[in-house]
>>> print(open('query29.pdb').read())   # PDB, C-alpha atoms, pLDDT in the B column
ATOM      1  CA  MET L1132     -27.954 -23.247  25.340  1.00 78.00           C
ATOM      2  CA  ALA L1133     -25.119 -24.504  23.086  1.00 82.00           C
ATOM      3  CA  ALA L1134     -27.699 -25.941  20.707  1.00 89.00           C
ATOM      4  CA  GLU L1135     -29.438 -22.567  20.539  1.00 94.00           C
ATOM      5  CA  TRP L1136     -26.236 -20.789  19.485  1.00 95.00           C
ATOM      6  CA  LYS L1137     -25.602 -23.468  16.885  1.00 95.00           C
ATOM      7  CA  GLN L1138     -29.100 -22.932  15.521  1.00 95.00           C
ATOM      8  CA  LYS L1139     -28.534 -19.167  15.400  1.00 96.00           C
ATOM      9  CA  CYS L1140     -25.371 -19.683  13.357  1.00 95.00           C
ATOM     10  CA  ASP L1141     -27.156 -22.095  11.027  1.00 95.00           C
ATOM     11  CA  SER L1142     -29.984 -19.611  10.529  1.00 95.00           C
ATOM     12  CA  GLU L1143     -27.609 -16.662  10.034  1.00 95.00           C
ATOM     13  CA  TRP L1144     -25.453 -18.263   7.322  1.00 96.00           C
ATOM     14  CA  ALA L1145     -27.453 -21.332   6.170  1.00 95.00           C
ATOM     15  CA  LEU L1146     -24.559 -23.591   7.117  1.00 95.00           C
ATOM     16  CA  GLY L1147     -26.475 -26.846   6.876  1.00 93.00           C
ATOM     17  CA  ALA L1148     -27.987 -25.903   3.526  1.00 94.00           C
ATOM     18  CA  HIS L1149     -24.471 -25.421   2.148  1.00 94.00           C
ATOM     19  CA  CYS L1150     -23.246 -28.712   3.626  1.00 94.00           C
ATOM     20  CA  VAL L1151     -20.899 -26.979   6.042  1.00 95.00           C
ATOM     21  CA  PRO L1152     -19.719 -29.305   8.866  1.00 95.00           C
ATOM     22  CA  ILE L1153     -21.244 -28.099  12.157  1.00 94.00           C
ATOM     23  CA  PRO L1154     -19.899 -30.316  14.961  1.00 95.00           C
ATOM     24  CA  ASP L1155     -21.151 -29.882  18.523  1.00 94.00           C
ATOM     25  CA  SER L1156     -17.564 -29.354  19.729  1.00 94.00           C
ATOM     26  CA  VAL L1157     -17.444 -25.851  18.204  1.00 96.00           C
ATOM     27  CA  ASP L1158     -18.059 -22.845  20.469  1.00 97.00           C
ATOM     28  CA  TRP L1159     -21.064 -21.593  18.526  1.00 97.00           C
ATOM     29  CA  LYS L1160     -21.672 -18.612  20.790  1.00 96.00           C
ATOM     30  CA  SER L1161     -18.175 -17.362  19.942  1.00 97.00           C
ATOM     31  CA  VAL L1162     -18.732 -17.992  16.228  1.00 97.00           C
ATOM     32  CA  TYR L1163     -21.988 -16.047  16.276  1.00 97.00           C
ATOM     33  CA  GLU L1164     -20.429 -13.115  18.120  1.00 97.00           C
ATOM     34  CA  LYS L1165     -17.347 -12.946  15.882  1.00 97.00           C
ATOM     35  CA  LYS L1166     -19.382 -13.272  12.654  1.00 97.00           C
ATOM     36  CA  PRO L1167     -16.534 -14.553  10.483  1.00 97.00           C
ATOM     37  CA  PHE L1168     -18.453 -14.756   7.200  1.00 97.00           C
ATOM     38  CA  GLU L1169     -19.174 -12.125   4.546  1.00 96.00           C
ATOM     39  CA  ARG L1170     -17.241  -9.365   6.282  1.00 97.00           C
ATOM     40  CA  ASN L1171     -13.778  -7.889   5.914  1.00 98.00           C
ATOM     41  CA  LEU L1172     -11.300  -9.633   8.223  1.00 98.00           C
ATOM     42  CA  LEU L1173      -8.524  -7.084   7.645  1.00 98.00           C
ATOM     43  CA  GLN L1174      -7.906  -4.314  10.136  1.00 97.00           C
ATOM     44  CA  ASN L1175      -7.849  -0.692   8.941  1.00 97.00           C
ATOM     45  CA  PRO L1176      -8.513  -1.431   5.240  1.00 97.00           C
ATOM     46  CA  SER L1177      -8.101   2.215   4.137  1.00 97.00           C
ATOM     47  CA  PRO L1178      -4.967   3.555   5.892  1.00 96.00           C
ATOM     48  CA  TYR L1179      -4.755   6.656   3.692  1.00 93.00           C
ATOM     49  CA  GLY L1180      -8.255   7.795   4.638  1.00 92.00           C
ATOM     50  CA  VAL L1181      -9.596   7.639   1.076  1.00 92.00           C
ATOM     51  CA  SER L1182     -12.067   5.387  -0.751  1.00 94.00           C
ATOM     52  CA  HIS L1183     -12.113   3.988  -4.272  1.00 95.00           C
ATOM     53  CA  THR L1184     -15.607   5.435  -4.696  1.00 94.00           C
ATOM     54  CA  THR L1185     -14.026   8.922  -4.810  1.00 92.00           C
ATOM     55  CA  ALA L1186     -11.468   9.904  -7.428  1.00 90.00           C
ATOM     56  CA  PRO L1187      -7.916  10.054  -6.037  1.00 89.00           C
ATOM     57  CA  PRO L1188      -6.508  13.558  -5.507  1.00 80.00           C
ATOM     58  CA  GLU L1189      -4.389  14.807  -8.364  1.00 75.00           C
ATOM     59  CA  PRO L1190      -0.724  14.001  -7.668  1.00 62.00           C
ATOM     60  CA  LEU L1191       0.553  17.340  -8.931  1.00 52.00           C
ATOM     61  CA  LEU L1192      -1.415  18.969  -6.143  1.00 48.00           C
ATOM     62  CA  THR L1193      -0.511  16.587  -3.372  1.00 48.00           C
ATOM     63  CA  GLY L1194       3.252  16.281  -3.300  1.00 49.00           C
ATOM     64  CA  GLU L1195       4.149  16.184   0.396  1.00 53.00           C
ATOM     65  CA  ARG L1196       6.615  19.042   0.862  1.00 54.00           C
ATOM     66  CA  PRO L1197       7.869  19.515   4.472  1.00 51.00           C
ATOM     67  CA  PRO L1198       7.415  22.849   6.256  1.00 55.00           C
ATOM     68  CA  ALA L1199      10.306  25.313   5.971  1.00 51.00           C
ATOM     69  CA  GLY L1200      13.233  24.404   8.188  1.00 52.00           C
ATOM     70  CA  GLN L1201      12.241  20.744   8.554  1.00 52.00           C
ATOM     71  CA  PRO L1202      14.010  17.799   6.944  1.00 50.00           C
ATOM     72  CA  PRO L1203      12.367  16.207   3.888  1.00 51.00           C
ATOM     73  CA  ARG L1204       9.758  13.491   4.390  1.00 53.00           C
ATOM     74  CA  PHE L1205      10.455  10.093   2.885  1.00 55.00           C
ATOM     75  CA  GLU L1206       7.427   8.226   4.280  1.00 66.00           C
ATOM     76  CA  PRO L1207       3.795   8.847   3.326  1.00 75.00           C
ATOM     77  CA  ASP L1208       1.210  10.261   5.711  1.00 77.00           C
ATOM     78  CA  GLY L1209      -1.497   7.896   6.913  1.00 86.00           C
ATOM     79  CA  ASP L1210      -2.888   5.891   9.793  1.00 92.00           C
ATOM     80  CA  PHE L1211      -1.131   2.552   9.445  1.00 94.00           C
ATOM     81  CA  SER L1212      -2.404   0.994  12.668  1.00 95.00           C
ATOM     82  CA  GLY L1213      -3.024  -2.726  12.217  1.00 96.00           C
ATOM     83  CA  TRP L1214      -0.352  -2.924   9.509  1.00 97.00           C
ATOM     84  CA  SER L1215       3.337  -3.760   9.701  1.00 96.00           C
ATOM     85  CA  THR L1216       5.194  -1.357   7.423  1.00 96.00           C
ATOM     86  CA  SER L1217       8.664  -1.323   5.900  1.00 94.00           C
ATOM     87  CA  THR L1218      10.573   0.620   3.255  1.00 93.00           C
ATOM     88  CA  GLU L1219      13.053  -0.513   0.618  1.00 92.00           C
ATOM     89  CA  VAL L1220      15.180   2.212  -0.958  1.00 87.00           C
ATOM     90  CA  LEU L1221      15.850   1.432  -4.631  1.00 84.00           C
ATOM     91  CA  PRO L1222      19.078   2.312  -6.488  1.00 75.00           C
ATOM     92  CA  TYR L1223      19.037   5.432  -8.655  1.00 69.00           C
ATOM     93  CA  ASP L1224      18.250   4.657 -12.280  1.00 66.00           C
ATOM     94  CA  THR L1225      21.108   6.100 -14.326  1.00 61.00           C
ATOM     95  CA  SER L1226      20.301   4.246 -17.534  1.00 63.00           C
ATOM     96  CA  GLY L1227      20.052   6.508 -20.534  1.00 64.00           C
ATOM     97  CA  ILE L1228      22.298   9.212 -19.047  1.00 65.00           C
ATOM     98  CA  PRO L1229      25.186   9.989 -21.455  1.00 65.00           C
ATOM     99  CA  PRO L1230      28.730   9.627 -20.063  1.00 71.00           C
ATOM    100  CA  GLY L1231      30.030  12.886 -18.628  1.00 63.00           C
ATOM    101  CA  ALA L1232      26.586  14.450 -18.332  1.00 62.00           C
ATOM    102  CA  VAL L1233      26.066  16.614 -15.238  1.00 57.00           C
ATOM    103  CA  ILE L1234      22.909  15.653 -13.366  1.00 61.00           C
ATOM    104  CA  CYS L1235      21.607  17.963 -10.653  1.00 63.00           C
ATOM    105  CA  GLN L1236      19.034  15.581  -9.261  1.00 66.00           C
ATOM    106  CA  LEU L1237      17.480  12.209  -9.973  1.00 70.00           C
ATOM    107  CA  PRO L1238      14.212  10.849  -8.619  1.00 76.00           C
ATOM    108  CA  GLN L1239      14.601   8.362  -5.794  1.00 83.00           C
ATOM    109  CA  PHE L1240      12.132   5.497  -5.704  1.00 88.00           C
ATOM    110  CA  ARG L1241      11.172   3.429  -2.680  1.00 91.00           C
ATOM    111  CA  TRP L1242       8.915   0.455  -2.098  1.00 94.00           C
ATOM    112  CA  PHE L1243       6.588   1.024   0.847  1.00 95.00           C
ATOM    113  CA  SER L1244       5.187  -2.284   2.124  1.00 96.00           C
ATOM    114  CA  LEU L1245       2.120  -2.863   4.286  1.00 97.00           C
ATOM    115  CA  GLU L1246       1.304  -6.320   5.584  1.00 98.00           C
ATOM    116  CA  GLN L1247      -0.833  -8.060   8.155  1.00 98.00           C
ATOM    117  CA  ARG L1248      -1.715 -11.579   9.187  1.00 98.00           C
ATOM    118  CA  VAL L1249      -5.248 -12.890   9.738  1.00 98.00           C
ATOM    119  CA  ASP L1250      -5.652 -15.672  12.305  1.00 98.00           C
ATOM    120  CA  LEU L1251      -8.663 -17.541  10.928  1.00 98.00           C
ATOM    121  CA  LYS L1252      -9.480 -19.503  14.073  1.00 98.00           C
ATOM    122  CA  ALA L1253      -9.246 -16.351  16.182  1.00 98.00           C
ATOM    123  CA  LYS L1254     -11.767 -14.776  13.782  1.00 98.00           C
ATOM    124  CA  GLY L1255     -14.291 -17.542  14.559  1.00 97.00           C
ATOM    125  CA  LEU L1256     -13.613 -20.257  11.971  1.00 98.00           C
ATOM    126  CA  TRP L1257     -13.153 -23.906  12.961  1.00 98.00           C
ATOM    127  CA  ASP L1258     -10.976 -26.820  11.879  1.00 97.00           C
ATOM    128  CA  GLN L1259     -13.600 -28.928  10.104  1.00 97.00           C
ATOM    129  CA  LEU L1260     -14.802 -25.932   8.113  1.00 97.00           C
ATOM    130  CA  LEU L1261     -11.298 -25.028   6.949  1.00 98.00           C
ATOM    131  CA  ASP L1262     -10.093 -28.572   6.293  1.00 98.00           C
ATOM    132  CA  GLU L1263     -13.181 -30.283   4.861  1.00 97.00           C
ATOM    133  CA  PHE L1264     -15.430 -27.574   3.423  1.00 97.00           C
ATOM    134  CA  GLN L1265     -12.629 -25.117   2.496  1.00 97.00           C
ATOM    135  CA  PRO L1266     -14.742 -21.966   2.120  1.00 97.00           C
ATOM    136  CA  GLU L1267     -13.867 -19.503  -0.596  1.00 97.00           C
ATOM    137  CA  ILE L1268     -11.492 -16.737   0.463  1.00 98.00           C
ATOM    138  CA  GLY L1269     -12.062 -13.560  -1.524  1.00 98.00           C
ATOM    139  CA  ILE L1270      -9.264 -11.008  -1.841  1.00 98.00           C
ATOM    140  CA  GLU L1271      -9.793  -7.469  -3.107  1.00 98.00           C
ATOM    141  CA  ASP L1272      -7.578  -4.392  -3.267  1.00 98.00           C
ATOM    142  CA  TRP L1273      -7.644  -0.983  -4.965  1.00 98.00           C
ATOM    143  CA  TYR L1274      -4.463   0.904  -5.829  1.00 96.00           C
ATOM    144  CA  GLU L1275      -3.946   4.369  -7.217  1.00 94.00           C
ATOM    145  CA  GLU L1276      -2.873   4.724 -10.816  1.00 92.00           C
ATOM    146  CA  SER L1277      -0.167   7.204  -9.813  1.00 89.00           C
ATOM    147  CA  GLN L1278       1.894   6.806 -13.034  1.00 88.00           C
ATOM    148  CA  LEU L1279       5.090   7.333 -11.071  1.00 89.00           C
ATOM    149  CA  HIS L1280       6.701   4.338 -12.780  1.00 88.00           C
ATOM    150  CA  GLU L1281       5.885   1.308 -14.937  1.00 89.00           C
ATOM    151  CA  SER L1282       5.763  -0.825 -11.784  1.00 93.00           C
ATOM    152  CA  ILE L1283       4.024   0.819  -8.830  1.00 94.00           C
ATOM    153  CA  TYR L1284       2.101  -1.984  -7.104  1.00 97.00           C
ATOM    154  CA  LEU L1285       2.563  -5.572  -5.973  1.00 98.00           C
ATOM    155  CA  LEU L1286       0.119  -7.837  -4.119  1.00 98.00           C
ATOM    156  CA  ASP L1287       1.164 -11.070  -2.425  1.00 98.00           C
ATOM    157  CA  VAL L1288      -1.324 -13.154  -0.418  1.00 98.00           C
ATOM    158  CA  LYS L1289      -0.363 -16.450   1.188  1.00 98.00           C
ATOM    159  CA  LEU L1290      -2.518 -19.102   2.845  1.00 98.00           C
ATOM    160  CA  LEU L1291      -0.435 -20.482   5.713  1.00 98.00           C
ATOM    161  CA  GLY L1292      -0.563 -23.616   7.832  1.00 98.00           C
ATOM    162  CA  ALA L1293      -0.853 -23.896  11.611  1.00 98.00           C
ATOM    163  CA  ASP L1294       2.867 -23.160  12.071  1.00 97.00           C
ATOM    164  CA  GLY L1295       2.375 -19.765  10.424  1.00 96.00           C
ATOM    165  CA  LYS L1296       5.181 -20.525   7.947  1.00 97.00           C
ATOM    166  CA  THR L1297       4.141 -23.333   5.619  1.00 98.00           C
ATOM    167  CA  VAL L1298       2.678 -21.859   2.410  1.00 98.00           C
ATOM    168  CA  ILE L1299      -0.308 -23.895   1.219  1.00 98.00           C
ATOM    169  CA  LYS L1300      -1.431 -21.536  -1.545  1.00 98.00           C
ATOM    170  CA  GLU L1301      -0.147 -18.182  -2.815  1.00 98.00           C
ATOM    171  CA  HIS L1302      -1.392 -15.487  -5.176  1.00 98.00           C
ATOM    172  CA  THR L1303       0.878 -12.747  -6.508  1.00 98.00           C
ATOM    173  CA  CYS L1304      -0.046  -9.843  -8.770  1.00 97.00           C
ATOM    174  CA  SER L1305       2.387  -7.257 -10.140  1.00 96.00           C
ATOM    175  CA  PRO L1306       0.765  -5.334 -13.016  1.00 94.00           C
ATOM    176  CA  GLU L1307       2.732  -3.181 -15.444  1.00 92.00           C
ATOM    177  CA  GLU L1308       1.399   0.326 -15.934  1.00 91.00           C
ATOM    178  CA  GLU L1309       0.723   2.064 -19.238  1.00 87.00           C
ATOM    179  CA  LEU L1310       2.453   5.458 -19.225  1.00 85.00           C
ATOM    180  CA  GLU L1311       1.943   6.602 -22.821  1.00 85.00           C
ATOM    181  CA  SER L1312      -1.247   8.516 -22.012  1.00 84.00           C
ATOM    182  CA  TYR L1313      -2.284  10.206 -18.784  1.00 83.00           C
ATOM    183  CA  SER L1314      -4.778   8.367 -16.607  1.00 84.00           C
ATOM    184  CA  HIS L1315      -5.368   8.710 -12.879  1.00 89.00           C
ATOM    185  CA  THR L1316      -7.937   6.475 -11.236  1.00 93.00           C
ATOM    186  CA  TRP L1317      -8.267   3.521  -8.872  1.00 96.00           C
ATOM    187  CA  LYS L1318      -7.431   0.053 -10.189  1.00 96.00           C
ATOM    188  CA  LYS L1319      -9.044  -3.059  -8.760  1.00 97.00           C
ATOM    189  CA  VAL L1320      -7.159  -6.269  -8.038  1.00 98.00           C
ATOM    190  CA  SER L1321      -9.055  -9.368  -6.900  1.00 97.00           C
ATOM    191  CA  HIS L1322      -8.643 -13.102  -6.467  1.00 98.00           C
ATOM    192  CA  VAL L1323     -10.628 -15.997  -4.999  1.00 97.00           C
ATOM    193  CA  PHE L1324      -8.930 -18.919  -3.266  1.00 98.00           C
ATOM    194  CA  SER L1325     -10.903 -22.170  -3.506  1.00 96.00           C
ATOM    195  CA  ASN L1326     -10.117 -25.892  -3.217  1.00 96.00           C
ATOM    196  CA  TYR L1327      -6.837 -24.961  -1.578  1.00 97.00           C
ATOM    197  CA  GLY L1328      -6.500 -28.127   0.505  1.00 97.00           C
ATOM    198  CA  PRO L1329      -6.605 -28.794   4.251  1.00 98.00           C
ATOM    199  CA  GLY L1330      -4.470 -27.124   6.888  1.00 98.00           C
ATOM    200  CA  VAL L1331      -4.993 -23.398   6.267  1.00 98.00           C
ATOM    201  CA  ARG L1332      -5.055 -21.414   9.510  1.00 98.00           C
ATOM    202  CA  TYR L1333      -3.621 -17.988   8.620  1.00 98.00           C
ATOM    203  CA  ILE L1334      -3.732 -15.518   5.753  1.00 98.00           C
ATOM    204  CA  HIS L1335      -0.744 -13.270   5.138  1.00 98.00           C
ATOM    205  CA  PHE L1336      -1.713 -10.170   3.133  1.00 98.00           C
ATOM    206  CA  LEU L1337       1.015  -7.904   1.729  1.00 98.00           C
ATOM    207  CA  HIS L1338       1.023  -5.091  -0.786  1.00 97.00           C
ATOM    208  CA  ARG L1339       3.927  -2.920  -1.919  1.00 97.00           C
ATOM    209  CA  LEU L1340       3.495   0.606  -3.237  1.00 96.00           C
ATOM    210  CA  LYS L1341       6.110   2.599  -5.105  1.00 94.00           C
ATOM    211  CA  ASN L1342       6.797   6.150  -3.930  1.00 91.00           C
ATOM    212  CA  LYS L1343       8.981   8.793  -5.558  1.00 88.00           C
ATOM    213  CA  PHE L1344      10.983  11.545  -3.897  1.00 82.00           C
ATOM    214  CA  MET L1345      12.280  14.482  -5.896  1.00 73.00           C
ATOM    215  CA  VAL L1346      12.293  17.684  -3.822  1.00 70.00           C
ATOM    216  CA  GLU L1347       8.992  16.462  -2.395  1.00 77.00           C
ATOM    217  CA  LEU L1348       7.324  13.082  -1.859  1.00 80.00           C
ATOM    218  CA  PHE L1349       4.847  11.625  -4.318  1.00 86.00           C
ATOM    219  CA  ASN L1350       3.259   8.356  -3.296  1.00 87.00           C
ATOM    220  CA  THR L1351       1.016   5.600  -4.578  1.00 92.00           C
ATOM    221  CA  LYS L1352      -1.996   5.047  -2.355  1.00 93.00           C
ATOM    222  CA  VAL L1353      -4.050   1.944  -1.704  1.00 96.00           C
ATOM    223  CA  THR L1354      -7.538   1.592  -0.260  1.00 97.00           C
ATOM    224  CA  ASP L1355     -10.457  -0.712   0.552  1.00 98.00           C
ATOM    225  CA  SER L1356      -8.307  -3.824   0.971  1.00 98.00           C
ATOM    226  CA  SER L1357     -10.332  -6.857   2.006  1.00 98.00           C
ATOM    227  CA  VAL L1358     -10.246 -10.525   2.932  1.00 98.00           C
ATOM    228  CA  VAL L1359     -13.711 -12.121   3.019  1.00 98.00           C
ATOM    229  CA  ILE L1360     -14.695 -15.709   3.853  1.00 98.00           C
ATOM    230  CA  ARG L1361     -17.738 -16.978   1.935  1.00 96.00           C
ATOM    231  CA  VAL L1362     -19.895 -20.002   2.694  1.00 92.00           C
ATOM    232  CA  THR L1363     -21.579 -19.808  -0.696  1.00 86.00           C
ATOM    233  CA  LYS L1364     -19.264 -21.042  -3.434  1.00 71.00           C
ATOM    234  CA  SER L1365     -18.966 -19.661  -6.953  1.00 67.00           C
ATOM    235  CA  VAL L1366     -20.174 -21.892  -9.754  1.00 58.00           C
TER     236      VAL L1366
END
>>> encode(input="query29.pdb", output="structure tokens")
Amino acid sequence: MAAEWKQKCDSEWALGAHCVPIPDSVDWKSVYEKKPFERNLLQNPSPYGVSHTTAPPEPLLTGERPPAGQPPRFEPDGDFSGWSTSTEVLPYDTSGIPPGAVICQLPQFRWFSLEQRVDLKAKGLWDQLLDEFQPEIGIEDWYEESQLHESIYLLDVKLLGADGKTVIKEHTCSPEEELESYSHTWKKVSHVFSNYGPGVRYIHFLHRLKNKFMVELFNTKVTDSSVVIRVTKSV
């Protein structure tokens, strides 16, 4: 029976044809059921309920103002199950304000972080695959061009060792936005980890989004985040 499950896995993903190590000690039934290849290993990849295939709603129409009599909202609406979230309140930017000037209100910016960890062995991958073959790990993310600030998005992805702390490889992306002309669309960020060395057992995926509060909340959304393991390697 074990040999049959191994054959199913080989047929499903052409493991032998790609020179993937397929030792008999692997629980091939579990691998076949978990299907770790060519699918998104992140939970809840679109926590704001939107997709990059549809234009983001215009921000001037979607400021989140609280109902009358309720305190102001400082956190965005969404279903963040599967993600660990945190908020960092940033200091007010008073640069450029002349001495003695009376300011009624300044925008308050906050970083809203979403992160999650992928346990690769729990997803169905095995030691020899990760250490010897080192399959490509594709990362993709789409963030809203909210134009709230020059810096509205940061992506940080780490490949971690078995202790969950040792960083084997890391990719960070923090683009600077162009604010001179109006543009409002989804922007794609992607990266492929390859030849990263032995020992990888976890992936830590984090992105930070900048939100602005001024009477009401305006946020930067993210969608269609993905982590995909590929047996086929790019040329």
>>> resolve_selection(input="query29.pdb", expression="the PyMOL selection byres ((chain L and resi 1150-1155) around 7)", output="PyMOL selection string")
chain L and resi 1146-1149+1156-1157+1259-1260+1264
>>> closest_residue(input="query29.pdb", among="L:Glu1135, L:Asp1210, L:Glu1219, L:Glu1311", to="Asn1175 of chain L", atoms="all atoms listed in the file")
L:Asp1210
>>> resolve_selection(input="query29.pdb", expression="the PyMOL selection byres ((chain L and resi 1350) around 8)", output="list in words")
Gly1194, Pro1207, Ser1277, Leu1340, Lys1341, Asn1342, Lys1343, Leu1348, Phe1349, Thr1351 and Lys1352 of chain L
>>> atom_distance(input="query29.pdb", atom1="atom CA of Ser1161 of chain L", atom2="atom CA of Gly1255 of chain L")
6.6 Å
>>> closest_residue(input="query29.pdb", among="L:Leu1237, L:Trp1136, L:Lys1165, L:Glu1143", to="Phe1344 of chain L", atoms="all atoms listed in the file")
L:Leu1237
>>> residues_around(input="query29.pdb", residues="Leu1290 of chain L", least_positions_apart="6", cutoff="8 Å", atoms="all atoms listed in the file", output="ChimeraX atom specification")
/L:1298-1301,1331-1335
>>> atom_distance(input="query29.pdb", atom1="atom CA of Glu1267 of chain L", atom2="atom CA of Ala1253 of chain L")
17.7 Å
>>> residues_near_point(input="query29.pdb", point="(-0.3, -7.7, 3.0)", cutoff="7 Å", atoms="all atoms listed in the file", output="list in words")
Leu1245, Glu1246, Gln1247, Asp1287, Val1288, His1335, Phe1336, Leu1337 and His1338 of chain L
>>> resolve_selection(input="query29.pdb", expression="the PyMOL selection byres ((chain L and resi 1213) around 12)", output="number ranges by chain")
L: 1172-1178, 1209-1212, 1214-1216, 1245-1249, 1336
>>> closest_residue(input="query29.pdb", among="L:Trp1273, L:Phe1240, L:Trp1317, L:Tyr1284", to="Cys1304 of chain L", atoms="only C-alpha atoms")
L:Tyr1284
>>> atom_distance(input="query29.pdb", atom1="atom CA of Glu1275 of chain L", atom2="atom CA of Thr1354 of chain L")
8.3 Å
>>> residues_around(input="query29.pdb", residues="Cys1140 of chain L", least_positions_apart="4", cutoff="8 Å", atoms="all atoms listed in the file", output="list in words")
Trp1136, Trp1144, Ala1145, Leu1146, Trp1159, Val1162 and Tyr1163 of chain L
>>> closest_residue(input="query29.pdb", among="L:Tyr1327, L:Lys1254, L:Ser1182, L:Lys1364", to="Arg1170 of chain L", atoms="only C-alpha atoms")
L:Lys1254
>>> closest_residue(input="query29.pdb", among="L:Glu1169, L:Glu1263, L:Asp1158, L:Asp1141", to="Val1359 of chain L", atoms="only C-alpha atoms")
L:Glu1169
